[in-house]
Each structure stands twice: as C-alpha cells, then as structure tokens.
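A.B. asks: Let me give you the structure first, and then I'll get to my questions.
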Amino acid sequence: MGEHIRLGADVVDGEALVPPTRVSLAWRDLADGLGMFWLWSSLAFQDIRLRYRGSILGPFWLTITTAIMVTAMGLVYAELFKMNMRQYFPYIACGIVTWNFINVLIVDGCDSFLSASGVIQQVKLPFSVQVYRVVLRNLIVLLHNIVIIPVVLLLFGVPIGFYSLMFLPGLAVMVVNGVWMAILFGMLSARFRDIPPIIASLVQIGFFITPVFWSPELLGRYGFYATLSPFASALDVIRAPLLGHAYAIASWPVLGVVTLAGWSITFAMYARFRGRLAYWV
Amino acid sequence: MAFLRLRNVTVDFPIYQGTSRSLKKAIFAASLQRNFARDPVDRVTVRALDNVSLDIEHGSRVALIGSNGAGKSTLLKTLAGIYEPSHGTVHAQGSISALLNISVGFNQEATGLENIMLRGMCMGISPGEMRGYVTEIAEFTELGPYLDMPIRTYSAGMSVRLAFATSTCKRPEILLMDEWLSAGDASFLSKAQQRMAGFVDQSSILVLASHSLQLLEQWCDIGLFLHQGHIRAAGPIKNVINEYQKTVDQAA
Ligand SMILES: Nc1ncnc2c1ncn2[C@@H]1O[C@H](COP(=O)(O)OP(=O)(O)OP(=O)(O)O)[C@@H](O)[C@H]1O
Ligand SMILES: [Mg+2]
C-alpha cells in the first residue's frame, strides 16, 4: 500500500517533512492574515460597495434606517417611561447605534467563513483574512451610523468634549472581541448549520434584557444586576463617555473577563479545528 | 526550485447529511457516547485519497487521469493546500496558482475587472502591483467591453479566459488546473498552451486534470492514473494513457 511514486527529474532527498504543530499553525494563520490588511480591507470595502450597488443612497440607507428607528423609539418610549426627552433621546440614540454594532458583530460573525466559501475553496489563504474582513465591514457600517450621534448630542445640548472621545477604548475592545466572535461563531456555524439562527435569536432576546432603550434605574434595586451582563458592559463602555457619564463599576472588569475567556476558548478551538474549515464550508 | 511532496496522504470527507449537521444530534450523541461504541454523530466518511505518496519535481507537466470520483480534484485541492489531509503531509515549495472551479467565480456580482483585482489580491499580489498587470490580462482575455459587466453574465468559456489570464499573470511556479479548461475555444487553448510552454521552461510545475486525453497528451509529458484514491499507474504520458484505456475497455 502507498508505494512511493516519483515524477520528474533531480529528486532532492532527505528533506525533513516535519509538520508544524497545530498551535503554531493557528497562530501563524492569525498573524499572516492580519499582515494582509490590504487584502481584507479591499474585500470589506468591496462587500459594502456590492451590497449597495445600484441603490441611490448606498450605505446611507443604513443611516436613515437607524435615524428613523431612533426617532420612533425615542418618541414612544420617552412617553411610556415618562422620561425627559432631553435626556432620553441622546440615551437611546447612542444605545441603538452601539447595539446595532454589537449585534452585527455577532450575527454577521456567524457568516464569516460560510459567506467566503467560494474563496476558501479556491485559494489557500489564512482563514483569518475572512474574519478581519467581516469585522472591518461592520466597522464601516458603524461609521455610517455613528454620524447620528453628534447630531443628536448637539440637538439636545449634551456637552461634547474631550471626555466624549473616551468611547474609543470601548470601541477598540469591542473590535478585539469581534475578532474572536467571528472566528468562534463562524467556525461553529460552518459545522452546525443551526447555530446562526440560534445565535440570532439569543441576540434578539439580549436587546430586550439589556439596558439599550431603558435605563437600569427603572429596575429599582435590581438595576445593578442588569449592568453585569456582557451585553450591558459592552454597551456601557461606548455609550457612557458619549453621554458624559461615568462607566458602570462592573463594565470594564466584565469585559476584561469576556475578552480573555473568549480568546482562550476561541484559540483552543481554532488550533484544533482550523484544518477542517475547508471541508465544512 | 519548485517541488511538491506528498507523504502518505489520506483525505477523508465526512459526509454531513441532514441530521449530522444538527446540533441536537451531536449533543445527544455526546451524552450517549459511553454506552454506544459508534461514531458520535453517525458520520459516514468517503476516502477520496488513500495513502498517496508522490514527488513532483520542477519542470514536470503532470496529467491526472481517472474516472469520475477517482480523486483528481481532491488531489489538486490537496496540492494547493486548500484541504489539509486527514493523515500525512504535503510539502510544497514555490508559488502556487490554482484554477480549480470556474462555476464558483470569485464574486458573481462584481465586474470582470473587479474580479481580476480580487483574484490577484487573493493570490497574494498587492493592489498596486496588480494594477500593473491589468492591461495585459485584459488583452489576453480579449473580452473587451465585457470586462465592465458582472461575471454572472459570462459564458463558461469567458470565465475560463478571465480566470486563466489572471491566475497566470505573475508566472506561478506551480500551476494546478482542473478539467474545466476544455470550456475554452480552440483559439484560446492554443494561446494558453503557448503561455504555458513559456512557464515550464522556467522550471515550474503544471498539474492538469482532464477527461480529454488528447488535451492531456498535448500539454503534459507525465501521466498519473488515479483510481479510487490510489495511484494506479504513473510514468510517461503515452504509457499511462494506454493503461487507462485498457481498464476502460475491460470495464466496457
Ligand atoms: N466536498 C466533498 N464532500 C464529500 N465528498 C466529496 C467531496 N468532494 C469529493 N468527494 C468525494 O471524493 C471522491 C473523489 O472526488 P473528486 O472530486 O476528487 O473526483 P474527480 O476525480 O475529480 O472526479 P471527476 O472526474 O468527476 O471530476 C468522490 O468519491 C467524491 O464523492
Ligand atoms: Mg473533478
């Protein structure tokens, strides 16, 4: 069995065929992929361009959709919760824009490898290229939505200062988390096709149990517990500085744990199953 | 110098049909595993390559011959590094360009020109460098105004032209091609062969899978006859084709 066949001239022998370990392969995949930024950035911009080819407003449809949602929910819930419009509008505007970002990082993350199956089946590339592409594409979407925030802040007289920029560290941490989520959920979704709908509905539930459009104070003495979830923490580190508020106590610690745990699990899974991805998509 | 080395390469495809893609089944199976000694998700596997060892050295033009399902496409994908084998090792030296599947164009909605850039970038060529190749690629394809149309409007032969010209724009050291090449018309094929002849002189490798024995004989000098994941015969193309035809005649 398996007789050795040689073809061609000049056989050089004695080459050691020691395969690298899975861990080093996974690590190289992540690093090499990151180095190909010109590739994944072009892919990400092309995704956006193609998604809106032929539409007049292009990606600004996103801005309009979000603006309408913010206005509608702002009017209804300010009345329902008997909140002061001046305070509530900026709160819900920042909340929904940030939530949309978190939502799409997770839900679109499930699609990271599946949506690239054509490329994966044809060229050998670091798989992580597809992941960075998804995260960047959603960052671009966020940039279209985010213009709503300064408008609302100015309109409702929320002071914009140096402190507002403190949303950037929060955003950076979410991007770092977005990468592991796109790897882990992308891998699970490629293997088990019922993962994407499950995750989508969990995130949907998350929208209602997270203080996106309601404030934790409304829960009275249970309010503190509402700020403990990873969703709430992610929301808080971006929204609080924009509104000129202090971070909730738990936000950064919770996010720190999520980031570490998420990356550890993801890296272990990636090292183990990366080689199977081409068979799964 | 380019080379390809395979040592005891086995490729198994797990067949995920219906329920084995389902999470529920995997979870229940995991909890029952202690009692039942069977594949936890009832997995059926197909062995597409079975313990294949092979060295392909520079300057070789190898023809993959074999019936449907023999493992030719799988071998090409394994050589390209797309499939990591279930067992064994693949060691490749040299830049690889693979033309494996035209029906999965790079992006069906994008125009021909955009796809040239896209494919080039996926081959590791930076956008700046790629722009330098575009004119030459456009000329080679002779597609003219079609290059501004989405590639979903292309015929099979047009896609082949585009894919071939792009994949070979920066002389690859190893070129792997699956059978669809025959979708090209005669004028394209002779043009492509000319281009290929140039490469092989430059100490590169060509591996081509096709059912057109005539085409293989024209393009290649070495034959590799695959049968059910095994190498049945290897050597000078004429001999291998004879061998193959004998088996076909026997079966008939
Ligand atoms: N993605 C896949 N999933 C499951 N099985 C596969 C897959 N691809 C190939 N196979 C199996 O592997 C074996 C070899 O297939 P392969 O495509 O390599 O054959 P081939 O020689 O290219 O055939 P053809 O001449 O029809 O193109 C077949 O039995 C096929 O069923
Ligand atoms: Mg085939």
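Scheme for the structure tokens: letters A, B, ... for chains in order shown; per-chain residue numbers from 1; ligand numbers from 1 in order shown.
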When the cut-off is 7 Å and you count only C-alpha atoms and all ligand atoms, which residues lie near ligand 2, shown as number ranges by chain?

C.D. replies: B: 68-69, 72-73, 178-179

A.B. asks: Those same residues, written as a PDB file, in the first residue's frame with N, CA and C atoms?

C.D. replies:
```pdb
ATOM      1  N   ASN B  68     -14.623   9.332 -13.134  1.00  0.00           N
ATOM      2  CA  ASN B  68     -15.320  10.240 -12.223  1.00  0.00           C
ATOM      3  C   ASN B  68     -15.209   9.727 -10.792  1.00  0.00           C
ATOM      4  N   GLY B  69     -14.873  10.612  -9.896  1.00  0.00           N
ATOM      5  CA  GLY B  69     -14.776  10.221  -8.496  1.00  0.00           C
ATOM      6  C   GLY B  69     -13.475   9.538  -8.136  1.00  0.00           C
ATOM      7  N   LYS B  72      -9.203  13.066  -8.534  1.00  0.00           N
ATOM      8  CA  LYS B  72      -8.349  14.055  -9.209  1.00  0.00           C
ATOM      9  C   LYS B  72      -8.518  15.450  -8.618  1.00  0.00           C
ATOM     10  N   SER B  73      -9.762  15.896  -8.522  1.00  0.00           N
ATOM     11  CA  SER B  73      -9.996  17.240  -7.980  1.00  0.00           C
ATOM     12  C   SER B  73      -9.520  17.336  -6.543  1.00  0.00           C
ATOM     13  N   ASP B 178      -7.919  22.253 -12.986  1.00  0.00           N
ATOM     14  CA  ASP B 178      -8.902  21.181 -13.089  1.00  0.00           C
ATOM     15  C   ASP B 178      -9.525  21.205 -14.478  1.00  0.00           C
ATOM     16  N   GLU B 179     -10.342  20.226 -14.747  1.00  0.00           N
ATOM     17  CA  GLU B 179     -10.727  19.902 -16.119  1.00  0.00           C
ATOM     18  C   GLU B 179     -11.446  20.989 -16.933  1.00  0.00           C
TER      19      GLU B 179
END
```

A.B. asks: Show me a table, sorted first by chain and then by increasing residue number, of the residues of chain A having an atom at most 10 Å from ligand 1, each with its shortest atom pair and the distance in Å to one decimal, counting only C-alpha atoms and all ligand atoms and written as JSON lines.

C.D. replies:
```
{"residue": "A:Gln121", "atom": "CA", "partner": "ligand 1", "partner_atom_place_in_ligand_line": "1 (N)", "distance": 9.5}
{"residue": "A:Ala278", "atom": "CA", "partner": "ligand 1", "partner_atom_place_in_ligand_line": "1 (N)", "distance": 9.0}
{"residue": "A:Tyr279", "atom": "CA", "partner": "ligand 1", "partner_atom_place_in_ligand_line": "1 (N)", "distance": 6.4}
{"residue": "A:Trp280", "atom": "CA", "partner": "ligand 1", "partner_atom_place_in_ligand_line": "1 (N)", "distance": 8.3}
{"residue": "A:Val281", "atom": "CA", "partner": "ligand 1", "partner_atom_place_in_ligand_line": "1 (N)", "distance": 8.9}
```

A.B. asks: For the residues in that selection, give me C-alpha atoms as a compact mmCIF listing (two decimals), in the first residue's frame.

C.D. replies:
```txt
# COMPACT_ATOMS: atom_id res chain seq x y z
CA GLN A 121 -12.43 26.52 -1.84
CA ALA A 278 -12.21 23.97 4.17
CA TYR A 279 -14.21 20.73 4.44
CA TRP A 280 -17.05 22.38 6.31
CA VAL A 281 -17.86 25.44 4.23
```

A.B. asks: Excluding same-chain residues fewer than 3 positions from A:Phe267, what lies within 9 Å of it counting only C-alpha atoms, as a list in words?

C.D. replies: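 Near A:Phe267, the qualifying residues are Val23, Ala26, Trp27, Trp180, Ile183, Leu184, Gly262, Trp263, Ser264, Tyr270, Ala271 and Arg272 of chain A.
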
A.B. asks: Would you mind listing what lies within 10 Å of B:His211 as JSON, numbers by chain, with only C-alpha atoms counted and same-chain residues fewer than 4 positions away left out?

C.D. replies: {"B": [63, 64, 65, 66, 67, 68, 178, 179, 180, 182, 215, 216]}

A.B. asks: Would you pick out the contacts of A:Ile140 at 12 Å or less, using only C-alpha atoms, so that residues sharing its chain but fewer than 5 positions from it are not included, and give the list as a VMD selection string?

C.D. replies: chain A and resid 41 44 to 49 59 to 60 62 to 63 101 104 to 105 133 to 135 145 to 147 175

A.B. asks: If you measure from atom CA of A:Ala250 to atom CA of A:Leu165, what distance in Å do you get, rounded to one decimal?

C.D. replies: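 Separation of atom CA of A:Ala250 and atom CA of A:Leu165: 20.3 Å.
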
A.B. asks: Mind listing the strand (DSSP E or B) residues of stretch 108-248 of chain B, per DSSP on the backbone, as a PyMOL selection string?

C.D. replies: chain B and resi 111+150+174-177+205-209+222-227+230-236

A.B. asks: For N, CA and C atoms, I'd like the residues from the last selection saved as an mmCIF file, in the first residue's frame.

C.D. replies:
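As written to disk, selection-v7.cif reads:
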```
data_model
loop_
_atom_site.group_PDB
_atom_site.id
_atom_site.type_symbol
_atom_site.label_atom_id
_atom_site.label_comp_id
_atom_site.auth_asym_id
_atom_site.auth_seq_id
_atom_site.Cartn_x
_atom_site.Cartn_y
_atom_site.Cartn_z
ATOM 1 N N THR B 111 -17.734 43.046 -11.393
ATOM 2 C CA THR B 111 -17.408 43.059 -12.822
ATOM 3 C C THR B 111 -16.138 42.252 -13.078
ATOM 4 N N PRO B 150 -20.870 42.397 -14.805
ATOM 5 C CA PRO B 150 -20.744 41.398 -13.728
ATOM 6 C C PRO B 150 -20.451 40.025 -14.315
ATOM 7 N N ILE B 174 4.026 26.941 -9.615
ATOM 8 C CA ILE B 174 3.232 25.723 -9.669
ATOM 9 C C ILE B 174 1.827 26.092 -10.116
ATOM 10 N N LEU B 175 1.388 25.506 -11.216
ATOM 11 C CA LEU B 175 0.051 25.808 -11.706
ATOM 12 C C LEU B 175 -0.788 24.528 -11.664
ATOM 13 N N LEU B 176 -1.907 24.600 -10.958
ATOM 14 C CA LEU B 176 -2.784 23.446 -10.818
ATOM 15 C C LEU B 176 -4.089 23.762 -11.526
ATOM 16 N N MET B 177 -4.502 22.906 -12.451
ATOM 17 C CA MET B 177 -5.725 23.190 -13.193
ATOM 18 C C MET B 177 -6.643 21.985 -13.236
ATOM 19 N N ILE B 205 6.019 23.885 -12.438
ATOM 20 C CA ILE B 205 5.279 22.632 -12.457
ATOM 21 C C ILE B 205 3.860 22.894 -12.925
ATOM 22 N N LEU B 206 3.367 21.997 -13.760
ATOM 23 C CA LEU B 206 1.957 22.054 -14.143
ATOM 24 C C LEU B 206 1.304 20.726 -13.764
ATOM 25 N N VAL B 207 0.170 20.800 -13.089
ATOM 26 C CA VAL B 207 -0.618 19.596 -12.860
ATOM 27 C C VAL B 207 -2.000 19.869 -13.413
ATOM 28 N N LEU B 208 -2.425 19.019 -14.345
ATOM 29 C CA LEU B 208 -3.667 19.269 -15.063
ATOM 30 C C LEU B 208 -4.544 18.025 -15.004
ATOM 31 N N ALA B 209 -5.795 18.211 -14.594
ATOM 32 C CA ALA B 209 -6.738 17.095 -14.592
ATOM 33 C C ALA B 209 -7.722 17.305 -15.717
ATOM 34 N N ILE B 222 3.985 13.734 -18.380
ATOM 35 C CA ILE B 222 3.912 12.655 -17.405
ATOM 36 C C ILE B 222 2.453 12.389 -17.073
ATOM 37 N N GLY B 223 2.109 11.130 -16.932
ATOM 38 C CA GLY B 223 0.737 10.785 -16.595
ATOM 39 C C GLY B 223 0.645 10.192 -15.198
ATOM 40 N N LEU B 224 -0.484 10.423 -14.568
ATOM 41 C CA LEU B 224 -0.725 9.865 -13.239
ATOM 42 C C LEU B 224 -2.152 9.350 -13.264
ATOM 43 N N PHE B 225 -2.296 8.048 -13.165
ATOM 44 C CA PHE B 225 -3.611 7.431 -13.298
ATOM 45 C C PHE B 225 -4.149 7.143 -11.898
ATOM 46 N N LEU B 226 -5.204 7.828 -11.548
ATOM 47 C CA LEU B 226 -5.800 7.650 -10.222
ATOM 48 C C LEU B 226 -7.000 6.735 -10.320
ATOM 49 N N HIS B 227 -7.136 5.873 -9.325
ATOM 50 C CA HIS B 227 -8.306 5.010 -9.291
ATOM 51 C C HIS B 227 -8.728 4.841 -7.843
ATOM 52 N N HIS B 230 -6.304 5.789 -5.174
ATOM 53 C CA HIS B 230 -4.955 5.230 -5.255
ATOM 54 C C HIS B 230 -4.295 5.654 -6.551
ATOM 55 N N ILE B 231 -2.965 5.628 -6.563
ATOM 56 C CA ILE B 231 -2.271 5.819 -7.823
ATOM 57 C C ILE B 231 -2.168 4.457 -8.500
ATOM 58 N N ARG B 232 -2.825 4.317 -9.643
ATOM 59 C CA ARG B 232 -2.869 3.022 -10.342
ATOM 60 C C ARG B 232 -1.636 2.867 -11.219
ATOM 61 N N ALA B 233 -1.261 3.996 -11.854
ATOM 62 C CA ALA B 233 -0.080 3.942 -12.721
ATOM 63 C C ALA B 233 0.510 5.331 -12.834
ATOM 64 N N ALA B 234 1.822 5.388 -13.067
ATOM 65 C CA ALA B 234 2.477 6.680 -13.250
ATOM 66 C C ALA B 234 3.633 6.501 -14.202
ATOM 67 N N GLY B 235 3.942 7.524 -14.974
ATOM 68 C CA GLY B 235 5.058 7.422 -15.907
ATOM 69 C C GLY B 235 4.817 8.273 -17.132
ATOM 70 N N PRO B 236 5.539 7.969 -18.221
ATOM 71 C CA PRO B 236 5.371 8.731 -19.452
ATOM 72 C C PRO B 236 3.907 8.733 -19.881
#
```

A.B. asks: Find the spatial neighbours of A:Ile148, counting only C-alpha atoms, within a cut-off of 10 Å - ignore same-chain residues fewer than 3 positions away - and output them as a list in words.

C.D. replies: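 Using only C-alpha atoms, the neighbours found are Thr63, Ile64, Thr66, Ala67, Val70, Pro90, Ala93, Cys94, Val97, Leu143, His144, Asn145, Val151, Val152 and Leu153 of chain A.
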
A.B. asks: Go ahead and save the picked residues with N, CA, C and O atoms, as a short mmCIF file (atom, residue, chain, number, x, y, z; two decimals), in the first residue's frame.

C.D. replies:
```cif
data_model
loop_
_atom_site.label_atom_id
_atom_site.label_comp_id
_atom_site.auth_asym_id
_atom_site.auth_seq_id
_atom_site.Cartn_x
_atom_site.Cartn_y
_atom_site.Cartn_z
N THR A 63 -27.90 54.71 7.60
CA THR A 63 -28.03 55.89 8.46
C THR A 63 -29.49 56.27 8.60
O THR A 63 -29.97 56.53 9.71
N ILE A 64 -30.19 56.26 7.47
CA ILE A 64 -31.59 56.66 7.51
C ILE A 64 -32.42 55.69 8.32
O ILE A 64 -33.23 56.08 9.17
N THR A 66 -31.47 53.75 10.73
CA THR A 66 -31.18 53.90 12.15
C THR A 66 -31.81 55.19 12.68
O THR A 66 -32.38 55.20 13.78
N ALA A 67 -31.73 56.27 11.90
CA ALA A 67 -32.29 57.53 12.36
C ALA A 67 -33.79 57.40 12.59
O ALA A 67 -34.33 57.88 13.59
N VAL A 70 -34.40 55.36 15.76
CA VAL A 70 -34.11 56.14 16.96
C VAL A 70 -35.25 57.12 17.24
O VAL A 70 -35.74 57.22 18.37
N PRO A 90 -30.80 61.39 23.58
CA PRO A 90 -29.38 61.03 23.41
C PRO A 90 -29.09 59.62 23.91
O PRO A 90 -28.31 58.89 23.31
N ALA A 93 -30.39 57.11 21.35
CA ALA A 93 -29.64 57.23 20.09
C ALA A 93 -28.29 56.52 20.21
O ALA A 93 -27.94 55.68 19.38
N CYS A 94 -27.55 56.84 21.26
CA CYS A 94 -26.25 56.18 21.47
C CYS A 94 -26.46 54.68 21.70
O CYS A 94 -25.68 53.86 21.23
N VAL A 97 -27.38 52.85 18.26
CA VAL A 97 -26.23 52.80 17.33
C VAL A 97 -25.20 51.79 17.84
O VAL A 97 -24.69 50.96 17.08
N LEU A 143 -19.54 53.27 11.04
CA LEU A 143 -19.17 54.64 10.71
C LEU A 143 -20.31 55.38 10.00
O LEU A 143 -20.43 56.58 10.12
N HIS A 144 -21.11 54.64 9.25
CA HIS A 144 -22.26 55.28 8.61
C HIS A 144 -23.35 55.61 9.61
O HIS A 144 -24.08 56.58 9.44
N ASN A 145 -23.46 54.79 10.63
CA ASN A 145 -24.49 55.02 11.64
C ASN A 145 -24.10 56.08 12.64
O ASN A 145 -24.94 56.79 13.18
N VAL A 151 -25.06 64.57 15.89
CA VAL A 151 -26.24 65.38 15.57
C VAL A 151 -27.20 65.41 16.76
O VAL A 151 -27.63 66.48 17.21
N VAL A 152 -27.48 64.24 17.30
CA VAL A 152 -28.41 64.17 18.43
C VAL A 152 -27.82 64.87 19.66
O VAL A 152 -28.52 65.62 20.35
N LEU A 153 -26.54 64.64 19.90
CA LEU A 153 -25.92 65.26 21.08
C LEU A 153 -26.02 66.78 20.99
O LEU A 153 -26.36 67.46 21.96
#
```

A.B. asks: Just to confirm, what's the straight-line distance from atom CA of B:Met149 to atom CA of B:Arg171 in Å (one decimal)?

C.D. replies: 26.4 Å

A.B. asks: Need to verify the contact set: stretch 73-76 of chain A, 12 Å, only C-alpha atoms, exclusion of same-chain residues closer than 6 positions in sequence. Can you return it as a list in words?

C.D. replies: Thr66, Ala67, Lys82, Met83, Asn84, Met85, Arg86, Gln87, Tyr88, Phe89, Pro90, Tyr91, Ile92, Ala93, Cys94, Gly95, Ile96, Val152, Val212, Phe213 and Trp214 of chain A

A.B. asks: Between A:Arg53, A:Arg6, A:Arg221, A:Arg274, which has the minimum distance to chain B (counting only C-alpha atoms)?

C.D. replies: A:Arg6

A.B. asks: Contacts from chain B to chain A, 6 Å maximum, only C-alpha atoms: show me the residue list as an mmCIF file with N, CA, C and O atoms, in the first residue's frame.

C.D. replies:
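As a result, out-v9.cif now contains:
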```cif
data_model
loop_
_atom_site.group_PDB
_atom_site.id
_atom_site.type_symbol
_atom_site.label_atom_id
_atom_site.label_comp_id
_atom_site.auth_asym_id
_atom_site.auth_seq_id
_atom_site.Cartn_x
_atom_site.Cartn_y
_atom_site.Cartn_z
ATOM 1 N N ARG B 21 -25.545 17.491 10.577
ATOM 2 C CA ARG B 21 -25.215 18.905 10.664
ATOM 3 C C ARG B 21 -25.938 19.529 11.849
ATOM 4 O O ARG B 21 -25.783 20.688 12.140
ATOM 5 N N SER B 22 -26.787 18.737 12.475
ATOM 6 C CA SER B 22 -27.625 19.339 13.511
ATOM 7 C C SER B 22 -26.961 19.223 14.864
ATOM 8 O O SER B 22 -26.310 18.242 15.202
ATOM 9 N N LEU B 23 -27.145 20.266 15.623
ATOM 10 C CA LEU B 23 -26.519 20.376 16.921
ATOM 11 C C LEU B 23 -27.138 19.391 17.899
ATOM 12 O O LEU B 23 -26.461 18.751 18.681
ATOM 13 N N ASN B 51 -3.664 7.073 1.239
ATOM 14 C CA ASN B 51 -2.243 6.808 1.448
ATOM 15 C C ASN B 51 -1.392 7.055 0.201
ATOM 16 O O ASN B 51 -0.668 6.183 -0.249
ATOM 17 N N VAL B 52 -1.479 8.261 -0.309
ATOM 18 C CA VAL B 52 -0.759 8.604 -1.530
ATOM 19 C C VAL B 52 0.585 9.242 -1.204
ATOM 20 O O VAL B 52 0.653 10.184 -0.432
ATOM 21 N N SER B 53 1.648 8.700 -1.772
ATOM 22 C CA SER B 53 2.958 9.329 -1.640
ATOM 23 C C SER B 53 3.463 9.665 -3.031
ATOM 24 O O SER B 53 3.340 8.866 -3.957
ATOM 25 N N LEU B 54 4.027 10.837 -3.176
ATOM 26 C CA LEU B 54 4.281 11.343 -4.509
ATOM 27 C C LEU B 54 5.270 12.493 -4.449
ATOM 28 O O LEU B 54 5.191 13.335 -3.566
ATOM 29 N N ASP B 55 6.219 12.500 -5.359
ATOM 30 C CA ASP B 55 7.107 13.654 -5.502
ATOM 31 C C ASP B 55 6.954 14.200 -6.910
ATOM 32 O O ASP B 55 7.079 13.456 -7.875
ATOM 33 N N ILE B 56 6.699 15.468 -7.024
ATOM 34 C CA ILE B 56 6.672 16.086 -8.347
ATOM 35 C C ILE B 56 7.765 17.145 -8.363
ATOM 36 O O ILE B 56 7.768 18.055 -7.536
ATOM 37 N N GLU B 57 8.693 16.986 -9.292
ATOM 38 C CA GLU B 57 9.844 17.889 -9.309
ATOM 39 C C GLU B 57 9.661 18.975 -10.365
ATOM 40 O O GLU B 57 8.788 18.873 -11.221
ATOM 41 N N SER B 60 8.094 19.428 -14.388
ATOM 42 C CA SER B 60 7.154 18.359 -14.744
ATOM 43 C C SER B 60 5.831 18.950 -15.205
ATOM 44 O O SER B 60 5.335 19.912 -14.637
ATOM 45 N N GLY B 81 -3.079 23.063 -1.086
ATOM 46 C CA GLY B 81 -3.080 23.415 0.328
ATOM 47 C C GLY B 81 -4.446 23.829 0.831
ATOM 48 O O GLY B 81 -4.591 24.307 1.946
ATOM 49 N N ILE B 82 -5.473 23.640 -0.008
ATOM 50 C CA ILE B 82 -6.820 24.037 0.424
ATOM 51 C C ILE B 82 -7.375 23.008 1.399
ATOM 52 O O ILE B 82 -7.904 23.362 2.445
ATOM 53 N N GLU B 84 -6.434 20.352 4.100
ATOM 54 C CA GLU B 84 -5.366 19.759 4.894
ATOM 55 C C GLU B 84 -5.704 18.287 5.041
ATOM 56 O O GLU B 84 -6.792 17.939 5.461
ATOM 57 N N VAL B 104 -17.711 28.573 -9.395
ATOM 58 C CA VAL B 104 -17.638 29.447 -8.240
ATOM 59 C C VAL B 104 -16.694 30.587 -8.604
ATOM 60 O O VAL B 104 -15.539 30.580 -8.249
#
```

A.B. asks: Could you find all residues in stretch 57-184 of chain A that DSSP calls helix (DSSP H, G or I) from the backbone, and write them as a PyMOL selection string?

C.D. replies: chain A and resi 60-80+85-107+109-111+114-120+128-146+148-155+162-184

A.B. asks: Mind giving me the straight-line distance from atom CA of A:Asp111 to atom CA of A:Ala182 in Å, one decimal?

C.D. replies: 7.8 Å
